[in-house]
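Engineer: Here you go, one structure.
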Amino acid sequence: MSKFVNKSNTQLPVRDEYAKVISKIADDGVCPFCPEHLAEYHKKPFETKKFWVVTDNMYPYKPSLHHRLIIHIEHITHIDQVSPPAWHELMEIFIKEVADRKITGGTLIMRFGETKFTGASVSHLHAHIVQSNPDDPAYDKVKGLVMRIG
Ligand SMILES: [Zn+2]
């Protein structure tokens, strides 16, 4: 049992590849989103701000046009650990990301705390910006996006 990743939360309809990656990370016993490990497990370019790292999701929700990750740099797991300046920077990142990508409709997601309540696979606090693709046959009109990875 890893304190950094929750393998049981990859049992949703996900690609085998993602489940294997999470299993490897659990076996490695490290946090894939901590700065010293991020480049090893995350193969997308990322931009480092003062409090957050901004990048594309390696395993975007399907069907999505954009799926950005904003990862708190310091390893924290709960929103009660986010400082006011970090919240402010996160808001600025949201606004810039949405503007830069001309996202006219989307979803912000931030799961926090114990992963058994959230479905998160990585416990290190991070946020998602997702713009789904309503033209994809897999698009879920009720949810607005599909919580399926891969
Ligand atoms: Zn971490």
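The way I read the labels, and the way they are meant: chains A, B, ... in the order of the structure tokens, residue 1 as the first residue of every chain, and ligand 1 as the first ligand shown, with later ones counted on from there.
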If you count only C-alpha atoms, which residues fall within 12 Å of range 88-103 of chain A, apart from same-chain ones fewer than 5 positions away, as a VMD selection string?
Structural biologist: chain A and resid 47 to 56 64 to 73 82 to 83 108 to 110 126 to 133
Engineer: Counting only C-alpha atoms and all ligand atoms, which protein, DNA or RNA residues come within 12 Å of ligand 1, given as a PyMOL selection string?
Structural biologist: chain A and resi 2-5+25+29-38+41+71-78+122-126
Engineer: Using the chain letters and numbers from this document, which residues of chain A does DSSP assign to strand (DSSP E), as an NGL selection string?
Structural biologist: :A and (46-48 or 52-56 or 61-62 or 64-72 or 107-111 or 126-132 or 148-149)
Engineer: For CA of Ser23 in chain A and CA of Lys7 in chain A, quote the distance in Å rounded to one decimal.
Structural biologist: 6.3 Å
Engineer: Between A:Ser8, A:Ala19, A:His42, A:Tyr61, single out the one closest to Thr107 in chain A, counting only C-alpha atoms.
Structural biologist: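 Once distances to Thr107 in chain A are computed over only C-alpha atoms, the minimum belongs to A:Tyr61.
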Engineer: Out of range 75-132 of chain A, which residues get alpha helix (DSSP H) from DSSP, as a ChimeraX atom specification?
Structural biologist: /A:84-100
